[in-house]
Each structure stands twice: as C-alpha cells, then as structure tokens.
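Undergrad: The structure file my_file.txt (compact mmCIF, C-alpha atoms) is provided below.
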# COMPACT_ATOMS: atom_id res chain seq x y z
CA MET A 110 -32.37 1.27 -15.10
CA ARG A 111 -33.87 1.72 -11.63
CA ILE A 112 -31.79 1.93 -8.47
CA GLY A 113 -32.68 -1.69 -7.55
CA GLU A 114 -31.22 -2.95 -10.83
CA LEU A 115 -28.11 -0.80 -10.36
CA SER A 116 -27.74 -2.34 -6.89
CA ARG A 117 -28.10 -5.88 -8.27
CA ARG A 118 -25.56 -5.28 -11.04
CA THR A 119 -22.88 -3.82 -8.79
CA GLY A 120 -23.52 -5.62 -5.51
CA VAL A 121 -23.78 -2.25 -3.71
CA SER A 122 -26.86 -1.87 -1.48
CA VAL A 123 -29.54 0.75 -2.26
CA PRO A 124 -28.91 2.76 0.95
CA THR A 125 -25.18 2.83 0.16
CA ILE A 126 -25.87 4.06 -3.39
CA LYS A 127 -28.07 6.83 -1.93
CA PHE A 128 -25.29 7.69 0.52
CA TYR A 129 -22.81 8.09 -2.37
CA VAL A 130 -25.25 10.37 -4.20
CA ARG A 131 -25.72 12.52 -1.05
CA GLU A 132 -21.94 12.66 -0.57
CA GLY A 133 -21.47 13.84 -4.16
CA LEU A 134 -19.45 10.79 -5.25
CA LEU A 135 -22.10 9.54 -7.67
CA PRO A 136 -24.22 11.82 -9.89
CA ALA A 137 -27.95 11.66 -9.11
CA GLY A 138 -30.11 9.61 -11.49
CA GLN A 139 -32.40 11.24 -14.05
CA LEU A 140 -35.79 11.87 -12.37
CA THR A 141 -38.55 9.99 -14.26
CA SER A 142 -41.24 10.74 -11.66
CA PRO A 143 -41.23 12.69 -8.37
CA ASN A 144 -39.81 9.74 -6.44
CA GLN A 145 -38.18 7.58 -9.10
CA ALA A 146 -34.84 8.07 -10.82
CA SER A 147 -33.20 6.30 -13.75
CA TYR A 148 -29.53 5.26 -13.86
CA ASP A 149 -27.32 4.21 -16.77
CA GLU A 150 -23.98 2.56 -17.53
CA THR A 151 -22.03 5.67 -16.51
CA HIS A 152 -23.48 5.31 -13.00
CA GLU A 153 -22.63 1.62 -12.98
CA ARG A 154 -19.05 2.27 -14.05
CA ARG A 155 -18.58 5.09 -11.56
CA LEU A 156 -20.01 2.91 -8.76
CA ARG A 157 -17.50 0.15 -9.53
CA LEU A 158 -14.70 2.72 -9.49
CA ILE A 159 -15.85 4.02 -6.07
CA ARG A 160 -15.95 0.48 -4.65
CA ALA A 161 -12.51 -0.34 -6.04
CA LEU A 162 -10.97 2.79 -4.50
CA LEU A 163 -12.74 2.10 -1.21
CA ASP A 164 -12.29 -1.66 -0.87
CA VAL A 165 -8.97 -2.30 -2.51
CA GLY A 166 -7.37 1.14 -2.42
CA GLY A 167 -8.43 1.74 1.18
CA LEU A 168 -9.25 5.41 0.47
CA SER A 169 -11.63 7.40 2.67
CA VAL A 170 -14.80 8.99 1.27
CA ALA A 171 -12.99 12.35 1.30
CA GLY A 172 -10.02 10.81 -0.54
CA ILE A 173 -12.33 9.31 -3.15
CA ARG A 174 -14.00 12.68 -3.67
CA GLU A 175 -10.60 14.20 -4.44
CA VAL A 176 -9.61 11.37 -6.79
CA LEU A 177 -12.90 11.66 -8.71
CA ALA A 178 -12.32 15.39 -9.13
CA ALA A 179 -9.06 14.48 -10.93
CA VAL A 180 -10.86 11.83 -13.00
CA ASP A 181 -13.47 14.38 -14.10
CA ASP A 182 -10.94 16.98 -15.25
CA PRO A 183 -9.79 15.76 -18.69
CA ASP A 184 -8.07 19.02 -19.69
CA ARG A 185 -4.75 18.46 -17.98
CA PRO A 186 -1.73 17.08 -19.84
CA VAL A 187 -1.19 13.40 -19.09
CA HIS A 188 1.95 13.78 -17.01
CA GLU A 189 0.24 16.43 -14.88
CA MET A 190 -2.74 14.13 -14.31
CA LEU A 191 -0.35 11.41 -13.22
CA GLY A 192 1.11 13.82 -10.70
CA ALA A 193 -2.35 14.78 -9.44
CA ALA A 194 -3.36 11.14 -9.06
CA ALA A 195 -0.12 10.33 -7.22
CA LYS A 196 -0.67 13.27 -4.89
CA ARG A 197 -4.14 12.08 -3.93
CA VAL A 198 -3.41 8.44 -3.30
CA VAL A 199 -0.14 8.83 -1.39
CA PRO A 200 -0.78 8.03 2.27
CA ARG A 201 -0.56 11.09 4.47
CA TYR A 202 1.70 11.25 7.47
CA THR A 203 -0.39 11.87 10.60
CA GLU A 204 2.34 13.42 12.78
CA GLU A 205 5.27 15.70 12.26
CA PRO A 206 8.15 13.57 10.98
CA GLY A 207 11.16 13.38 13.34
CA ASP A 208 14.75 14.57 12.87
CA GLY A 209 15.61 11.75 10.46
CA ILE A 210 13.56 13.34 7.68
CA VAL A 211 16.30 15.81 6.71
CA ALA A 212 18.84 13.03 6.08
CA ALA A 213 16.19 10.92 4.35
CA ARG A 214 15.34 13.76 1.94
CA GLU A 215 19.02 13.94 1.06
CA VAL A 216 19.03 10.19 0.32
CA VAL A 217 16.00 10.65 -1.94
CA ALA A 218 17.59 13.60 -3.78
CA GLU A 219 20.72 11.51 -4.40
CA LEU A 220 18.63 8.59 -5.64
CA ILE A 221 16.81 10.82 -8.15
CA GLU A 222 20.18 12.18 -9.35
CA ARG A 223 21.76 8.71 -9.56
CA ARG A 224 18.89 7.18 -11.56
CA GLY A 225 18.47 10.23 -13.77
CA TRP A 226 14.76 10.42 -12.93
CA GLN A 227 12.76 13.34 -14.26
CA THR A 228 10.60 14.77 -11.50
CA TYR A 229 9.17 18.10 -10.37
CA GLN A 230 9.57 20.37 -7.37
CA GLY A 231 7.46 19.14 -4.43
CA ASN A 232 6.57 15.73 -5.90
CA PRO A 233 4.59 14.24 -2.97
CA ALA A 234 5.86 10.74 -3.79
CA ALA A 235 9.44 11.90 -3.09
CA GLU A 236 8.34 13.22 0.30
CA ALA A 237 6.40 10.00 1.01
CA LEU A 238 9.56 8.04 0.24
CA ALA A 239 11.61 10.23 2.58
CA VAL A 240 9.00 9.71 5.34
CA ALA A 241 9.09 5.92 4.91
CA LEU A 242 12.91 5.87 4.92
CA ALA A 243 13.00 8.08 8.04
CA ALA A 244 10.56 5.67 9.72
CA LEU A 245 12.78 2.71 8.79
CA ASP A 246 15.76 4.56 10.22
CA ALA A 247 13.84 5.33 13.42
CA VAL A 248 13.14 1.63 13.99
CA GLY A 249 16.80 0.73 13.50
CA HIS A 250 16.80 -0.06 9.78
CA GLY A 251 18.83 2.81 8.42
CA THR A 252 20.92 0.29 6.48
CA PHE A 253 17.82 -0.47 4.40
CA MET A 254 19.20 2.24 2.07
CA GLU A 255 21.54 -0.51 0.77
CA VAL A 256 18.67 -2.15 -1.11
CA LEU A 257 17.09 1.09 -2.32
CA ASP A 258 18.50 0.71 -5.85
CA ALA A 259 17.12 -2.83 -6.14
CA TYR A 260 13.72 -1.36 -5.25
CA ALA A 261 14.17 1.54 -7.67
CA GLY A 262 15.09 -0.82 -10.53
CA ALA A 263 11.98 -2.91 -9.89
CA ALA A 264 9.84 0.26 -9.69
CA GLU A 265 11.17 1.38 -13.09
CA GLN A 266 10.19 -2.00 -14.54
CA VAL A 267 6.66 -1.79 -13.11
CA ALA A 268 6.22 1.85 -14.19
CA ARG A 269 7.25 0.97 -17.77
CA ALA A 270 4.78 -1.93 -17.80
CA ASP A 271 2.05 0.39 -16.47
CA LEU A 272 2.67 3.04 -19.11
CA GLU A 273 2.85 0.50 -21.92
CA TYR A 274 -0.40 -1.06 -20.72
CA VAL A 275 -2.09 2.35 -20.67
CA ALA A 276 -0.73 3.30 -24.12
CA ARG A 277 -1.93 -0.01 -25.58
CA ASN A 278 -5.33 -0.42 -23.95
CA VAL A 279 -6.79 2.91 -22.95
CA GLU A 280 -8.58 5.53 -25.04
CA ARG A 281 -7.78 9.17 -24.27
CA GLU A 282 -11.09 9.66 -22.40
CA GLY A 283 -10.49 6.79 -19.99
CA LEU A 284 -6.90 7.76 -19.31
CA VAL A 285 -7.25 9.67 -16.04
CA GLU A 286 -9.48 7.02 -14.57
CA SER A 287 -7.04 4.29 -15.58
CA VAL A 288 -4.10 6.10 -14.08
CA VAL A 289 -5.90 6.61 -10.77
CA VAL A 290 -7.23 3.07 -10.64
CA GLY A 291 -3.89 1.66 -11.73
CA THR A 292 -2.02 3.65 -9.12
CA VAL A 293 -4.20 2.41 -6.28
CA LEU A 294 -4.90 -1.13 -7.47
CA GLY A 295 -1.39 -1.56 -8.87
CA ASP A 296 -0.05 -0.98 -5.36
CA ALA A 297 -2.39 -3.70 -4.06
CA VAL A 298 -1.32 -6.06 -6.85
CA PHE A 299 2.36 -5.44 -6.28
CA GLY A 300 2.08 -5.67 -2.48
CA ALA A 301 0.37 -9.06 -2.76
CA LEU A 302 2.94 -10.31 -5.30
CA ARG A 303 5.80 -9.14 -3.09
CA ARG A 304 4.37 -11.15 -0.15
CA MET A 305 3.98 -14.23 -2.35
CA ALA A 306 7.56 -13.82 -3.59
CA HIS A 307 8.68 -13.46 0.05
CA VAL A 308 7.16 -16.81 0.94
CA ASP A 309 8.89 -18.41 -2.03
CA ALA A 310 12.29 -16.78 -1.37
CA SER A 311 12.02 -17.53 2.34
CA ARG A 312 11.15 -21.20 1.76
CA ARG A 313 14.18 -21.51 -0.49
CA MET A 314 16.46 -19.75 2.00
CA TYR A 315 15.16 -20.98 5.37
CA GLY A 316 12.92 -23.93 4.43
CA SER A 317 15.22 -26.51 6.00
CA GLU A 318 14.17 -25.29 9.47
CA ALA A 319 10.63 -26.55 8.99
CA MET B 74 13.92 7.18 32.10
CA ARG B 75 10.65 8.87 33.06
CA ILE B 76 7.65 9.05 30.75
CA GLY B 77 8.40 12.71 29.90
CA GLU B 78 11.87 11.78 28.64
CA LEU B 79 10.41 8.86 26.63
CA SER B 80 7.95 11.33 25.10
CA ARG B 81 10.73 13.80 24.21
CA ARG B 82 12.90 11.10 22.64
CA THR B 83 10.17 9.63 20.46
CA GLY B 84 7.99 12.68 19.76
CA VAL B 85 4.92 10.80 21.06
CA SER B 86 2.85 12.74 23.62
CA VAL B 87 2.51 11.48 27.22
CA PRO B 88 -1.29 10.89 26.95
CA THR B 89 -0.70 8.87 23.76
CA ILE B 90 1.98 6.75 25.47
CA LYS B 91 -0.46 6.07 28.33
CA PHE B 92 -3.13 5.15 25.78
CA TYR B 93 -0.78 2.60 24.18
CA VAL B 94 -0.05 1.08 27.61
CA ARG B 95 -3.78 0.82 28.39
CA GLU B 96 -4.40 -0.76 24.96
CA GLY B 97 -1.70 -3.35 25.62
CA LEU B 98 0.54 -2.22 22.74
CA LEU B 99 3.35 -1.01 25.00
CA PRO B 100 4.41 -2.81 28.21
CA ALA B 101 3.90 -0.73 31.37
CA GLY B 102 7.01 0.91 32.87
CA GLN B 103 8.67 -0.41 36.02
CA LEU B 104 7.00 1.25 39.04
CA THR B 105 9.59 3.22 41.04
CA SER B 106 7.01 4.83 43.37
CA PRO B 107 3.19 4.56 43.60
CA ASN B 108 2.71 7.09 40.82
CA GLN B 109 5.97 7.05 38.90
CA ALA B 110 7.21 4.50 36.37
CA SER B 111 10.55 4.04 34.67
CA TYR B 112 11.00 3.23 30.98
CA ASP B 113 14.02 1.93 29.06
CA GLU B 114 15.32 1.48 25.50
CA THR B 115 12.98 -1.47 24.84
CA HIS B 116 10.02 0.87 25.41
CA GLU B 117 11.57 3.48 23.15
CA ARG B 118 12.14 0.94 20.38
CA ARG B 119 8.66 -0.52 20.70
CA LEU B 120 7.14 2.96 20.61
CA ARG B 121 8.97 3.78 17.37
CA LEU B 122 7.71 0.51 15.90
CA ILE B 123 4.12 1.33 16.88
CA ARG B 124 4.38 4.80 15.29
CA ALA B 125 5.89 3.38 12.11
CA LEU B 126 3.11 0.81 11.74
CA LEU B 127 0.49 3.46 12.49
CA ASP B 128 1.79 6.42 10.50
CA VAL B 129 3.47 4.82 7.53
CA GLY B 130 1.87 1.38 7.48
CA GLY B 131 -1.59 2.82 8.08
CA LEU B 132 -2.54 -0.05 10.41
CA SER B 133 -5.32 0.29 13.01
CA VAL B 134 -4.67 -0.17 16.74
CA ALA B 135 -6.23 -3.65 16.48
CA GLY B 136 -3.98 -4.45 13.49
CA ILE B 137 -0.91 -3.29 15.39
CA ARG B 138 -1.87 -5.47 18.36
CA GLU B 139 -1.94 -8.50 16.04
CA VAL B 140 1.37 -7.62 14.41
CA LEU B 141 3.07 -7.16 17.79
CA ALA B 142 1.80 -10.58 18.87
CA ALA B 143 3.73 -12.01 15.88
CA VAL B 144 6.79 -9.92 16.74
CA ASP B 145 6.76 -11.26 20.31
CA ASP B 146 6.56 -14.93 19.31
CA PRO B 147 10.14 -15.86 18.35
CA ASP B 148 9.58 -19.65 18.31
CA ARG B 149 8.19 -19.96 14.81
CA PRO B 150 10.39 -20.93 11.87
CA VAL B 151 11.29 -17.94 9.73
CA HIS B 152 9.16 -18.79 6.72
CA GLU B 153 6.12 -19.31 8.98
CA MET B 154 6.72 -15.94 10.59
CA LEU B 155 6.85 -14.36 7.17
CA GLY B 156 3.48 -15.93 6.43
CA ALA B 157 2.02 -14.66 9.72
CA ALA B 158 3.33 -11.15 9.08
CA ALA B 159 1.92 -11.17 5.55
CA LYS B 160 -1.45 -12.33 6.85
CA ARG B 161 -1.69 -9.47 9.30
CA VAL B 162 -0.66 -6.63 7.06
CA VAL B 163 -2.61 -7.63 3.95
CA PRO B 164 -5.53 -5.22 3.54
CA ARG B 165 -8.86 -6.85 4.20
CA TYR B 166 -11.69 -6.72 1.70
CA THR B 167 -14.69 -5.04 3.32
CA GLU B 168 -17.41 -6.57 1.13
CA GLU B 169 -18.05 -9.90 -0.49
CA PRO B 170 -16.05 -10.00 -3.71
CA GLY B 171 -18.16 -10.22 -6.88
CA ASP B 172 -18.37 -12.95 -9.51
CA GLY B 173 -15.00 -12.07 -11.03
CA ILE B 174 -13.17 -13.55 -8.04
CA VAL B 175 -13.45 -17.14 -9.34
CA ALA B 176 -11.73 -16.31 -12.64
CA ALA B 177 -9.17 -14.13 -10.82
CA ARG B 178 -8.24 -17.02 -8.48
CA GLU B 179 -7.62 -19.13 -11.57
CA VAL B 180 -5.31 -16.44 -12.98
CA VAL B 181 -3.39 -16.39 -9.69
CA ALA B 182 -3.07 -20.21 -9.60
CA GLU B 183 -1.70 -20.16 -13.17
CA LEU B 184 0.75 -17.40 -12.26
CA ILE B 185 2.08 -19.42 -9.28
CA GLU B 186 2.46 -22.46 -11.54
CA ARG B 187 4.12 -20.47 -14.33
CA ARG B 188 6.67 -18.78 -12.04
CA GLY B 189 7.34 -21.93 -10.05
CA TRP B 190 6.61 -20.11 -6.80
CA GLN B 191 6.56 -22.12 -3.59
CA THR B 192 3.51 -21.19 -1.54
CA TYR B 193 1.08 -22.76 0.91
CA GLN B 194 -2.62 -23.54 0.96
CA GLY B 195 -4.66 -20.44 1.86
CA ASN B 196 -1.80 -17.91 1.52
CA PRO B 197 -3.73 -14.66 2.18
CA ALA B 198 -1.49 -12.75 -0.23
CA ALA B 199 -2.72 -14.97 -3.08
CA GLU B 200 -6.32 -14.16 -2.14
CA ALA B 201 -5.47 -10.45 -1.83
CA LEU B 202 -4.01 -10.58 -5.34
CA ALA B 203 -7.15 -12.28 -6.69
CA VAL B 204 -9.31 -9.60 -5.04
CA ALA B 205 -7.25 -6.80 -6.58
CA LEU B 206 -7.36 -8.44 -10.04
CA ALA B 207 -11.12 -8.96 -9.75
CA ALA B 208 -11.50 -5.26 -8.82
CA LEU B 209 -9.43 -4.28 -11.88
CA ASP B 210 -11.62 -6.48 -14.04
CA ALA B 211 -14.77 -4.95 -12.54
CA VAL B 212 -13.64 -1.42 -13.52
CA GLY B 213 -12.91 -2.54 -17.08
CA HIS B 214 -9.22 -3.40 -16.77
CA GLY B 215 -9.32 -7.16 -17.19
CA THR B 216 -6.52 -6.84 -19.77
CA PHE B 217 -4.24 -5.70 -16.93
CA MET B 218 -3.37 -9.43 -16.67
CA GLU B 219 -1.06 -8.77 -19.66
CA VAL B 220 1.43 -6.97 -17.43
CA LEU B 221 1.13 -9.36 -14.49
CA ASP B 222 4.42 -11.11 -15.30
CA ALA B 223 6.28 -7.79 -15.45
CA TYR B 224 4.93 -7.09 -11.96
CA ALA B 225 5.81 -10.60 -10.77
CA GLY B 226 9.38 -10.31 -12.05
CA ALA B 227 9.80 -6.99 -10.24
CA ALA B 228 8.31 -8.51 -7.07
CA GLU B 229 10.82 -11.36 -7.21
CA GLN B 230 13.65 -8.82 -7.46
CA VAL B 231 12.35 -6.84 -4.46
CA ALA B 232 11.74 -10.00 -2.39
CA ARG B 233 15.29 -11.20 -3.04
CA ALA B 234 16.67 -7.80 -2.01
CA ASP B 235 14.53 -7.93 1.16
CA LEU B 236 15.72 -11.40 2.13
CA GLU B 237 19.36 -10.57 1.42
CA TYR B 238 19.05 -7.42 3.48
CA VAL B 239 17.56 -9.38 6.37
CA ALA B 240 20.20 -12.14 6.14
CA ARG B 241 23.00 -9.56 6.12
CA ASN B 242 21.81 -7.06 8.69
CA VAL B 243 19.50 -8.67 11.20
CA GLU B 244 20.27 -10.82 14.23
CA ARG B 245 18.00 -13.75 14.87
CA GLU B 246 16.17 -11.95 17.72
CA GLY B 247 15.25 -8.95 15.57
CA LEU B 248 14.11 -11.04 12.64
CA VAL B 249 10.33 -11.09 13.15
CA GLU B 250 10.24 -7.39 13.84
CA SER B 251 12.29 -6.69 10.72
CA VAL B 252 10.06 -8.82 8.56
CA VAL B 253 6.92 -7.12 9.81
CA VAL B 254 8.39 -3.63 9.56
CA GLY B 255 9.89 -4.42 6.18
CA THR B 256 6.61 -5.76 4.86
CA VAL B 257 4.67 -2.65 5.84
CA LEU B 258 7.32 0.00 5.24
CA GLY B 259 8.67 -1.77 2.16
CA ASP B 260 5.22 -1.38 0.58
CA ALA B 261 5.32 2.34 1.36
CA VAL B 262 8.84 2.62 -0.08
CA PHE B 263 7.95 0.73 -3.24
CA GLY B 264 4.65 2.59 -3.73
CA ALA B 265 6.46 5.93 -3.52
CA LEU B 266 9.21 4.77 -5.91
CA ARG B 267 6.63 3.49 -8.39
CA ARG B 268 4.92 6.91 -8.42
CA MET B 269 8.25 8.65 -8.94
CA ALA B 270 9.09 6.25 -11.77
CA HIS B 271 5.63 6.95 -13.26
CA VAL B 272 6.35 10.67 -13.40
CA ASP B 273 9.68 9.97 -15.09
CA ALA B 274 8.26 7.45 -17.61
CA SER B 275 5.27 9.69 -18.31
CA ARG B 276 7.43 12.77 -18.92
CA ARG B 277 9.48 10.77 -21.38
CA MET B 278 6.40 9.38 -23.13
CA TYR B 279 3.97 12.32 -23.04
CA GLY B 280 6.18 15.28 -22.10
CA SER B 281 5.85 16.92 -25.52
CA GLU B 282 2.24 17.84 -24.65
CA ALA B 283 3.30 20.23 -21.91
Would you encode the structure as structure tokens?
TA:
Amino acid sequence: MRIGELSRRTGVSVPTIKFYVREGLLPAGQLTSPNQASYDETHERRLRLIRALLDVGGLSVAGIREVLAAVDDPDRPVHEMLGAAAKRVVPRYTEEPGDGIVAAREVVAELIERRGWQTYQGNPAAEALAVALAALDAVGHGTFMEVLDAYAGAAEQVARADLEYVARNVEREGLVESVVVGTVLGDAVFGALRRMAHVDASRRMYGSEA
Amino acid sequence: MRIGELSRRTGVSVPTIKFYVREGLLPAGQLTSPNQASYDETHERRLRLIRALLDVGGLSVAGIREVLAAVDDPDRPVHEMLGAAAKRVVPRYTEEPGDGIVAAREVVAELIERRGWQTYQGNPAAEALAVALAALDAVGHGTFMEVLDAYAGAAEQVARADLEYVARNVEREGLVESVVVGTVLGDAVFGALRRMAHVDASRRMYGSEA
C-alpha cells in the first residue's frame, strides 16, 4: 500500500510516519519508483505498536527505539527478554536518590526473601521499587511499608494472569512484542482499574459525607 | 531556615527552589530583609512532595500545579477528592482514539456492572481504561480482555489496602496529600512489583530454556 493508505489505516499522519522512518523507528517502505514507496502489514503493525508505546505507555522516542531493539532480537531466552523489557520501560529517576534509599533497598531485599521471589542481581524493577518507597518515606509515608505485602500479593496475581495470557494466546514470534506491550499497557490498565476501585472503596467507606 | 539550608535538607538546588517559587508550586519564604527569606518545615514538606511527583510520578510542572491545587483544597468530601486526584494523575491520550474505543467503552461498562463497582458519570479512570484496552486491541491483543477480571480483583485488593492505610495512618488534614501521593507513587510501587513478579513467574515457567 502507499503511505496515504497506511496513514488512513492507522490514523497517523503522513509527516509523522516520515518522521518515524527518519528516526529509525519504522523501516522504510519498498521503493517502487524514485519518489514512491510501498508499505505492508508489517509496517502497519509496527506503527500501531509505536503509537501504543507513545500514547498509552508515555515513552519517549528514544525509549521506543530501545524497546523496539528488544522486540527485534528474538534470540534471547524468554525470561531474559522479560528482564530487558522491564529494564526499558521502568521510569528513570532524574536526580540522585536521597539517604532513604539505603533503608528502602533493605526493605526490598527482605520482601524478595519473604515472598520467595526468584530474581537476578541488579533487577532494575527492584531498584525502581526502592526509589518509590524512599520517595514515600521522604514525604512522610514510611509506614506505607505496612501494605507492601498486600501490593505484592496483587502483583503476583496479575503477573500470573499475564503469563497465562501470553502462554495461551501468543506464538513464539510475537512473544517479545507482547511482553513489551503488556508491560507498558498492563500498567496503564492496572492504574486505571486501581483508580476505579478507589472510587468504589472510598464511596463505601466515606460516602455518607456527601 | 535560609534557602541554602532548605536546599541541603531536601537535595534540591537553590536555583531549582527559586524556579518552583516563580512557577507558583512553592510558597515564597517569609522576607526577613530585602534580599533574604526564611523557610520552614511546610516548605520542606512541600518541596519533597514536588520532587516525588516529578521524579517518581513523572508529572510535568503544569500537572504538579494542578495536583497541588487539589491538595490545598481541604473542603471537598473525601470521595470527591479521590476523584479529583485520579483525574489529574491519569495519563492523557495525545491523539484521538481510533474506532476501537467504542467497543472498549462497552467492555468497561460491562466490567463495572459485573463487579458492582460504584462510580460516577465521566470518571476519567474509566475512559483511561477504555483507551488502554483499545490500544491493546489495536496491536492485536483484543483477547487481553480474558484476564481483565484477574486484574480487577487485584486492583480491588490494592485499593482496599490503600484505603485502610489511609484510614489508619493519616490525619484529616493530610488526607488529600496522601491520596494524591499514594495514587502516583502507588502506581510506581505496583508497576515495579509487577515486573519483579513477572521475572519470578517467567523463571518458573520458562527457566529451563536458560
């Protein structure tokens, strides 16, 4: 198909498609004449993936480039790919974390031990958790640790559902893509559900004030 | 305390503190001489809140300004505050959603019905969920709906833990701030835990490949 058709199918404007090609996010089309290129379903699918990571995942163009590099490397064992995807979509801390980080890392190490979680040295998600807990402590919510196991139990439930979904629905070749998409979009899904459940729980607990 | 001491205590540089004052995020210090101002613990606490929303929550300066407006309005009933906080920290969709959004909204309405969730007309979290589901559908993961109830059950668990934490630990005056901080940082905590649980579940399921 021509670029105009690709634009119509995906809702992404022609200049934006050209921008993605220049930035190396989308492979160039097959040249059919000196100034006309042809695109196929792989371009369409890749374009939808880029938009999902950008719009819903909130990743930068540089972040998307890194994620796509993981998607396009099918040689890694599945659990390594998962680690690579997690590494890329974890939000980065923009400043040096404060003093609380040392205690928070200890809390995370104890949590891993207590739940019997398999992990690996330098798992960026463990550090991201420590950073978030240190930030909670810094704003006066150090006691949030009390509910950490309730969170961990819910995370185990969601992770099992994710893995079962992937095992049931995804062919080997689409696996990396699914893991990356699921990691980013799954966060958006869960965050929205958590807010909806907040409204419900809060109505039940405090509704009489209204 | 002077601005230098405030900077040392919080790890935020003096020019950045001045920027936050100019942007209206942080109240100005009390002038003690024509070019010297004095800051107290309320400034320190507010500064830590700003950094948490910025670094861990990933909010923009404009987003933080909106969140702080909610924090500083203690007259609303609790469940309305929760709604306001949710509205501000839900990621915004940067483009018009595609055709899939109509079907996704239907899925969300059915989910609310099925779980018996109390909600309100125009809850932005419900729309955020529909957008995320439509994005999943657009990248070929429409069957993700199969695991939606596993996610919803986990979200209910986390929301209950959040509300119990707030009821147990937070005085009335700190409530809005806690809800906002908890909404943003709780997402970061849960996202990190989900990734850690993925690694564990994936090792158990696919570890033999390594």
Undergrad: Excluding stretch 231-244 of chain A and residues on its chain fewer than 5 positions from it, collect all residues at most 6 Å away from it, counting all atoms listed in the file, and give them as a ChimeraX atom specification.
TA: /A:196,209-210,213-214 /B:125,262,265
Undergrad: Closest to B:Leu122 among A:Arg312, A:Arg131, A:His250, A:Arg111, using only C-alpha atoms?
TA: A:His250
Undergrad: Using only C-alpha atoms, which of the listed residues (B:Ala182, B:Leu126, B:Val272, B:Gly213) sits closest to B:Gly259?
TA: B:Leu126
Undergrad: Have a look at A:Glu114, A:Asp309, A:Asp184, A:Asp258 and name the one nearest to chain B; count all atoms listed in the file.
TA: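 Smallest distance to chain B is found for A:Asp309.
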Undergrad: Within 10 Å of (5.5, 2.7, 14.0), in the coordinates the file gives, what residues turn up when you count only C-alpha atoms, written out as a list in words?
TA: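 The requested residues, written out, are Ala244, Leu245, Ala247 and Val248 of chain A; Arg118, Arg119, Leu120, Arg121, Leu122, Ile123, Arg124, Ala125, Leu126, Leu127, Asp128, Val129, Gly130, Gly131, Leu132, Ile137, Val254, Val257 and Leu258 of chain B.
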Undergrad: Looking at all atoms listed in the file, which of B:Pro100, B:Met218, B:Ala270, B:Ala110 is the one that sits closest to A:Arg269?
TA: B:Ala270
Undergrad: Compare B:Val175, B:Arg187, B:Val180, B:Thr83 by their minimum atom-to-atom distance to chain A, counting only C-alpha atoms, and give me the closest one.
TA: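 So, comparing all the options, the nearest one is B:Thr83.
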Undergrad: Could you jot down the atom CA of A:Val267 to atom CA of B:Ile185 separation for me, Å, one decimal place?
TA: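 Rounded to one decimal, the two atoms are 18.6 Å apart.
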Undergrad: When you count all atoms listed in the file, which of these residues is closest to chain B: A:Ser169, A:Asn278, A:Asn144, A:Gln227?
TA: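 Of the candidates, the smallest distance to chain B is held by A:Gln227.
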